[in-house]
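For reference, protein23.txt (compact mmCIF, C-alpha atoms):
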```txt
# COMPACT_ATOMS: atom_id res chain seq x y z
CA MET A 1 -15.58 17.97 7.41
CA LYS A 2 -18.31 18.03 10.03
CA ASN A 3 -17.92 18.48 13.78
CA THR A 4 -17.34 15.48 16.03
CA ASP A 5 -19.84 13.98 18.44
CA GLU A 6 -19.41 13.61 22.21
CA LYS A 7 -17.13 10.59 21.65
CA GLY A 8 -14.84 12.57 19.34
CA LEU A 9 -16.07 10.72 16.23
CA LEU A 10 -17.29 12.31 13.03
CA PRO A 11 -21.07 12.07 12.45
CA GLU A 12 -22.73 9.03 10.93
CA GLU A 13 -24.61 9.25 7.64
CA GLU A 14 -26.66 6.70 5.67
CA TYR A 15 -25.79 5.45 2.21
CA ASN A 16 -26.89 2.74 -0.20
CA ALA A 17 -23.90 1.07 -1.87
CA PHE A 18 -26.21 -0.14 -4.68
CA ASN A 19 -27.19 3.39 -5.68
CA PRO A 20 -26.44 3.64 -9.45
CA GLU A 21 -24.50 6.90 -8.99
CA LEU A 22 -22.25 5.32 -6.36
CA ILE A 23 -21.75 2.24 -8.54
CA ALA A 24 -20.64 4.52 -11.41
CA GLN A 25 -18.25 6.39 -9.09
CA ARG A 26 -16.69 3.11 -7.91
CA LYS A 27 -16.35 1.85 -11.48
CA LYS A 28 -14.54 5.05 -12.49
CA ALA A 29 -12.29 4.83 -9.42
CA ALA A 30 -11.47 1.17 -10.22
CA GLU A 31 -10.56 2.01 -13.81
CA LEU A 32 -8.36 4.97 -12.89
CA THR A 33 -6.56 3.23 -10.00
CA MET A 34 -5.89 0.19 -12.23
CA LYS A 35 -4.38 2.47 -14.89
CA PHE A 36 -2.29 4.25 -12.23
CA ASN A 37 -1.16 0.97 -10.66
CA THR A 38 0.03 -0.45 -13.99
CA SER A 39 1.60 2.73 -15.37
CA GLY A 40 2.55 4.88 -12.37
CA ASP A 41 1.21 7.87 -14.33
CA LYS A 42 0.00 10.52 -11.86
CA ALA A 43 -2.39 11.90 -14.48
CA PHE A 44 -4.80 9.10 -13.55
CA MET A 45 -4.76 10.17 -9.90
CA GLU A 46 -5.28 13.79 -10.95
CA GLU A 47 -8.34 12.72 -12.93
CA LEU A 48 -9.66 10.62 -10.04
CA PHE A 49 -9.20 13.29 -7.37
CA VAL A 50 -9.88 16.28 -9.65
CA ARG A 51 -6.77 18.15 -8.54
CA GLU A 52 -3.12 18.52 -9.42
CA MET A 53 -1.00 16.04 -7.52
CA ASP A 54 2.34 17.87 -7.68
CA ASP A 55 2.55 17.98 -3.89
CA VAL A 56 1.16 14.48 -3.25
CA VAL A 57 3.16 11.29 -3.69
CA ILE A 58 1.23 8.04 -4.01
CA THR A 59 3.26 4.88 -4.53
CA ALA A 60 1.56 2.14 -6.55
CA PRO A 61 -0.26 -0.04 -5.94
CA PHE A 62 -2.97 2.13 -4.43
CA HIS A 63 -6.58 1.08 -3.87
CA CYS A 64 -9.45 3.55 -3.56
CA ASN A 65 -13.13 3.04 -4.35
CA TYR A 66 -14.17 6.72 -4.64
CA GLY A 67 -12.52 9.88 -5.89
CA GLY A 68 -13.46 13.52 -6.39
CA GLU A 69 -14.33 15.41 -3.23
CA LYS A 70 -14.52 12.24 -1.14
CA LEU A 71 -10.73 12.26 -0.64
CA LYS A 72 -9.05 15.58 0.16
CA PHE A 73 -5.29 15.89 0.37
CA GLY A 74 -3.29 18.63 2.03
CA LYS A 75 0.08 19.79 0.76
CA LYS A 76 3.14 17.54 0.72
CA VAL A 77 1.36 14.27 1.52
CA TYR A 78 3.17 10.95 1.06
CA ILE A 79 1.27 7.68 0.72
CA ASN A 80 3.42 4.55 0.54
CA PHE A 81 2.57 1.41 -1.47
CA ASN A 82 -0.42 -0.92 -1.11
CA CYS A 83 -2.70 1.44 0.81
CA THR A 84 -6.47 0.96 0.71
CA PHE A 85 -8.78 3.94 1.19
CA GLN A 86 -12.57 3.49 1.23
CA PRO A 87 -13.85 7.07 1.54
CA CYS A 88 -17.62 6.74 1.06
CA ALA A 89 -18.07 9.30 3.89
CA GLY A 90 -14.98 11.29 2.97
CA ILE A 91 -11.36 11.26 4.08
CA GLU A 92 -9.29 14.38 4.75
CA ILE A 93 -5.51 14.18 5.01
CA GLY A 94 -3.66 17.22 6.36
CA ASP A 95 -0.51 18.94 5.13
CA HIS A 96 2.86 17.21 5.59
CA THR A 97 1.30 13.87 6.50
CA PHE A 98 3.06 10.57 5.84
CA ILE A 99 1.23 7.28 5.49
CA GLY A 100 3.20 4.03 5.62
CA PRO A 101 2.71 0.95 3.42
CA ASN A 102 -0.36 -1.27 3.74
CA VAL A 103 -2.39 1.32 5.67
CA GLN A 104 -6.17 0.88 5.47
CA LEU A 105 -8.74 3.66 5.98
CA TYR A 106 -12.37 2.51 6.15
CA THR A 107 -15.41 4.77 6.46
CA ALA A 108 -18.27 2.29 5.85
CA ILE A 109 -20.19 0.69 8.73
CA HIS A 110 -22.25 -2.34 7.80
CA PRO A 111 -25.06 -3.60 10.04
CA VAL A 112 -24.23 -6.59 12.22
CA ASP A 113 -27.82 -7.86 12.01
CA PRO A 114 -28.19 -9.84 8.73
CA GLU A 115 -31.82 -8.75 8.27
CA GLU A 116 -30.69 -5.12 8.39
CA ARG A 117 -27.70 -5.81 6.15
CA ILE A 118 -29.84 -7.21 3.29
CA LYS A 119 -31.85 -3.97 3.14
CA ASP A 120 -28.85 -2.44 1.30
CA ILE A 121 -28.60 0.51 3.67
CA ALA A 122 -25.39 1.04 5.56
CA THR A 123 -23.92 3.98 7.39
CA CYS A 124 -20.56 5.66 7.16
CA ARG A 125 -18.43 8.13 9.08
CA GLY A 126 -15.59 10.16 7.61
CA ILE A 127 -11.97 10.07 8.69
CA LYS A 128 -9.82 13.13 9.29
CA ILE A 129 -6.03 13.00 9.67
CA GLY A 130 -4.40 16.23 10.84
CA ALA A 131 -1.32 18.01 9.56
CA GLY A 132 2.11 16.58 10.31
CA ALA A 133 0.79 13.12 11.20
CA TRP A 134 2.66 9.86 10.65
CA ILE A 135 0.61 6.68 10.18
CA GLY A 136 2.83 3.61 10.56
CA GLY A 137 2.75 0.69 8.15
CA GLY A 138 -0.15 -1.73 8.38
CA ALA A 139 -2.29 0.56 10.55
CA ILE A 140 -6.06 0.35 10.17
CA ILE A 141 -8.17 3.45 10.80
CA LEU A 142 -11.87 2.84 11.35
CA PRO A 143 -14.92 5.02 10.58
CA GLY A 144 -15.36 8.36 12.31
CA VAL A 145 -11.83 8.65 13.66
CA VAL A 146 -10.14 12.05 13.90
CA ILE A 147 -6.37 11.93 14.23
CA GLY A 148 -5.01 15.24 15.52
CA ASP A 149 -2.14 17.32 14.19
CA GLY A 150 1.33 15.92 14.80
CA VAL A 151 0.13 12.45 15.84
CA THR A 152 2.25 9.33 15.36
CA ILE A 153 0.32 6.06 14.97
CA GLY A 154 2.46 2.95 15.50
CA ALA A 155 2.77 0.28 12.84
CA GLY A 156 0.03 -2.34 12.91
CA SER A 157 -2.27 -0.29 15.15
CA VAL A 158 -6.06 -0.54 14.85
CA VAL A 159 -7.43 2.96 15.47
CA THR A 160 -11.02 2.72 16.75
CA LYS A 161 -11.22 6.08 18.58
CA SER A 162 -10.06 9.61 17.87
CA ILE A 163 -6.49 10.49 18.91
CA PRO A 164 -5.66 13.95 20.32
CA ALA A 165 -3.04 16.18 18.71
CA ARG A 166 0.65 15.67 19.45
CA SER A 167 0.26 12.12 20.73
CA VAL A 168 1.98 8.83 20.11
CA ALA A 169 -0.59 6.03 19.93
CA VAL A 170 -0.09 2.30 19.35
CA GLY A 171 -1.75 -1.08 19.65
CA ASN A 172 -4.95 -2.97 19.03
CA PRO A 173 -7.05 -1.20 19.98
CA CYS A 174 -4.86 1.84 19.51
CA ARG A 175 -4.27 3.91 22.64
CA VAL A 176 -2.22 6.99 23.48
CA ILE A 177 1.04 6.09 25.22
CA ARG A 178 2.47 9.60 25.49
CA SER A 179 2.11 13.22 24.48
CA ILE A 180 4.81 15.03 22.52
```

Whole structure given in structure tokens:
Amino acid sequence: MKNTDEKGLLPEEEYNAFNPELIAQRKKAAELTMKFNTSGDKAFMEELFVREMDDVVITAPFHCNYGGEKLKFGKKVYINFNCTFQPCAGIEIGDHTFIGPNVQLYTAIHPVDPEERIKDIATCRGIKIGAGAWIGGGAIILPGVVIGDGVTIGAGSVVTKSIPARSVAVGNPCRVIRSI
């Protein structure tokens, strides 16, 4: 993933959600996640993410609107039930990372101005979660955030800014309360 800017966020890039290629990717992701969610068969996740999932546990239901290279998993990753990942700008999850239930990772940024919004162009920023991180249940991670290695994010936190390695961070907005 790309380098961060002066605020510690990953760079912004433009995209058009109505691009036919992106529509096809989302359709494929919807079909494969629905099959996974009703069967629990990991083969559907392997097809979606184009990799073996022996070292990744995803508990159904799981919601993701893109696959392939847009979502990269490290080794021994655990994703609990009812998580929603929207990786239009890419999401990287490091080795030995645990993600609690109902966690939401969003990379899209839609214009606030309605005249800009109807032009069908939005921006997005990737999300990177380091190795050995724990993301508590119900946390929301917003576009561009980098969560360092060994970070613990408290349940229900809304992460709007990058969190340095070996920190405990909680709240809305999420803030570091101590280093470990």

>> Neighbouring residues of segment 9-23 of chain A were defined as those with any atom within 7 Å, considering all atoms listed in the file; residues of the same chain fewer than 3 positions away were excluded. Please report them as a PyMOL selection string.
In response: chain A and resi 2-5+26-27+120-126+144-146+162

>> Applying 10 Å and all atoms listed in the file, which residues near Gly136 of chain A remain after dropping the ones on its own chain fewer than 6 positions away? List them as a VMD selection string.
In response: chain A and resid 98 to 103 152 to 157 170

Now that the selection is made, can you save its residues with C-alpha atoms as a compact mmCIF listing (two decimals), in the coordinates of the input?
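Contents of the output file result_36.txt:
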```txt
# COMPACT_ATOMS: atom_id res chain seq x y z
CA PHE A 98 3.06 10.57 5.84
CA ILE A 99 1.23 7.28 5.49
CA GLY A 100 3.20 4.03 5.62
CA PRO A 101 2.71 0.95 3.42
CA ASN A 102 -0.36 -1.27 3.74
CA VAL A 103 -2.39 1.32 5.67
CA THR A 152 2.25 9.33 15.36
CA ILE A 153 0.32 6.06 14.97
CA GLY A 154 2.46 2.95 15.50
CA ALA A 155 2.77 0.28 12.84
CA GLY A 156 0.03 -2.34 12.91
CA SER A 157 -2.27 -0.29 15.15
CA VAL A 170 -0.09 2.30 19.35
```

Polymer residues at most 7 Å from Val56 of chain A, all atoms listed in the file, same-chain spacing of 6 or more positions, as a short mmCIF file (atom, residue, chain, number, x, y, z; two decimals) with C-alpha atoms, in the coordinates of the input:
```cif
data_model
loop_
_atom_site.label_atom_id
_atom_site.label_comp_id
_atom_site.auth_asym_id
_atom_site.auth_seq_id
_atom_site.Cartn_x
_atom_site.Cartn_y
_atom_site.Cartn_z
CA LYS A 75 0.08 19.79 0.76
CA LYS A 76 3.14 17.54 0.72
CA VAL A 77 1.36 14.27 1.52
CA TYR A 78 3.17 10.95 1.06
#
```

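Proximity of A:Leu105, A:Lys35, A:Ala43, A:Lys128 to Lys72 of chain A, computed with only C-alpha atoms, is greatest for A:Lys128.
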
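Separating atom CA of Val159 of chain A from atom CA of Ala29 of chain A is a distance of 25.4 Å.
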
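Distances here use all atoms listed in the file; by that measure, the residue among A:Leu71, A:Met34, A:Ile118, A:Ile79 closest to Asp55 of chain A is A:Ile79.
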
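Note that the spacing between atom CA of Cys174 of chain A and atom CA of Gly137 of chain A amounts to 13.7 Å.
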
> atom CA of Met53 of chain A to atom CA of Ala165 of chain A: how many Å, to one decimal?
Replying inline: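 For atom CA of Met53 of chain A relative to atom CA of Ala165 of chain A, the distance reads 26.3 Å.
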
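Comparing A:Ile147, A:Leu142, A:Val112, A:Ile177 by their smallest distance to Thr160 of chain A, the closest is A:Leu142 (using only C-alpha atoms).
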
>> With distances taken over all atoms listed in the file, which residue among A:Val50, A:Ala108, A:Ile135, A:Ile58 lies nearest Gly150 of chain A?
In response: A:Ile135

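Of the residues listed (A:Gly40, A:Pro114, A:Gly138, A:Gly130), A:Gly138 shows the shortest atom-to-atom separation from Thr84 of chain A; distances use only C-alpha atoms.
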
Might I get the box with edges along x, y and z of the file that holds all atoms of segment 92-101 of chain A listed there, padded by 6 Å on every side, given as centre and edge lengths in Å to one decimal, as JSON?
```
{"center_x": -3.0, "center_y": 9.9, "center_z": 5.0, "size_x": 24.5, "size_y": 30.0, "size_z": 15.1}
```

List as a PDB file with C-alpha atoms, in the frame of the given file the residues having at least one atom at most 12 Å from position (-4.1, 0.4, -7.0) as given in the file, counting only C-alpha atoms.
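For reference, point_38.pdb as written:
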```pdb
ATOM      1  CA  ALA A  29     -12.290   4.830  -9.420  1.00  0.00           C
ATOM      2  CA  ALA A  30     -11.470   1.170 -10.220  1.00  0.00           C
ATOM      3  CA  GLU A  31     -10.560   2.010 -13.810  1.00  0.00           C
ATOM      4  CA  LEU A  32      -8.360   4.970 -12.890  1.00  0.00           C
ATOM      5  CA  THR A  33      -6.560   3.230 -10.000  1.00  0.00           C
ATOM      6  CA  MET A  34      -5.890   0.190 -12.230  1.00  0.00           C
ATOM      7  CA  LYS A  35      -4.380   2.470 -14.890  1.00  0.00           C
ATOM      8  CA  PHE A  36      -2.290   4.250 -12.230  1.00  0.00           C
ATOM      9  CA  ASN A  37      -1.160   0.970 -10.660  1.00  0.00           C
ATOM     10  CA  THR A  38       0.030  -0.450 -13.990  1.00  0.00           C
ATOM     11  CA  SER A  39       1.600   2.730 -15.370  1.00  0.00           C
ATOM     12  CA  GLY A  40       2.550   4.880 -12.370  1.00  0.00           C
ATOM     13  CA  ASP A  41       1.210   7.870 -14.330  1.00  0.00           C
ATOM     14  CA  LYS A  42       0.000  10.520 -11.860  1.00  0.00           C
ATOM     15  CA  PHE A  44      -4.800   9.100 -13.550  1.00  0.00           C
ATOM     16  CA  MET A  45      -4.760  10.170  -9.900  1.00  0.00           C
ATOM     17  CA  ILE A  58       1.230   8.040  -4.010  1.00  0.00           C
ATOM     18  CA  THR A  59       3.260   4.880  -4.530  1.00  0.00           C
ATOM     19  CA  ALA A  60       1.560   2.140  -6.550  1.00  0.00           C
ATOM     20  CA  PRO A  61      -0.260  -0.040  -5.940  1.00  0.00           C
ATOM     21  CA  PHE A  62      -2.970   2.130  -4.430  1.00  0.00           C
ATOM     22  CA  HIS A  63      -6.580   1.080  -3.870  1.00  0.00           C
ATOM     23  CA  CYS A  64      -9.450   3.550  -3.560  1.00  0.00           C
ATOM     24  CA  ASN A  65     -13.130   3.040  -4.350  1.00  0.00           C
ATOM     25  CA  ILE A  79       1.270   7.680   0.720  1.00  0.00           C
ATOM     26  CA  ASN A  80       3.420   4.550   0.540  1.00  0.00           C
ATOM     27  CA  PHE A  81       2.570   1.410  -1.470  1.00  0.00           C
ATOM     28  CA  ASN A  82      -0.420  -0.920  -1.110  1.00  0.00           C
ATOM     29  CA  CYS A  83      -2.700   1.440   0.810  1.00  0.00           C
ATOM     30  CA  THR A  84      -6.470   0.960   0.710  1.00  0.00           C
ATOM     31  CA  PHE A  85      -8.780   3.940   1.190  1.00  0.00           C
ATOM     32  CA  ASN A 102      -0.360  -1.270   3.740  1.00  0.00           C
TER      33      ASN A 102
END
```

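When only C-alpha atoms are used to compute distances to Gly90 of chain A, the closest of the residues A:Glu47, A:Pro143, A:Ile109, A:Val57 turns out to be A:Pro143.
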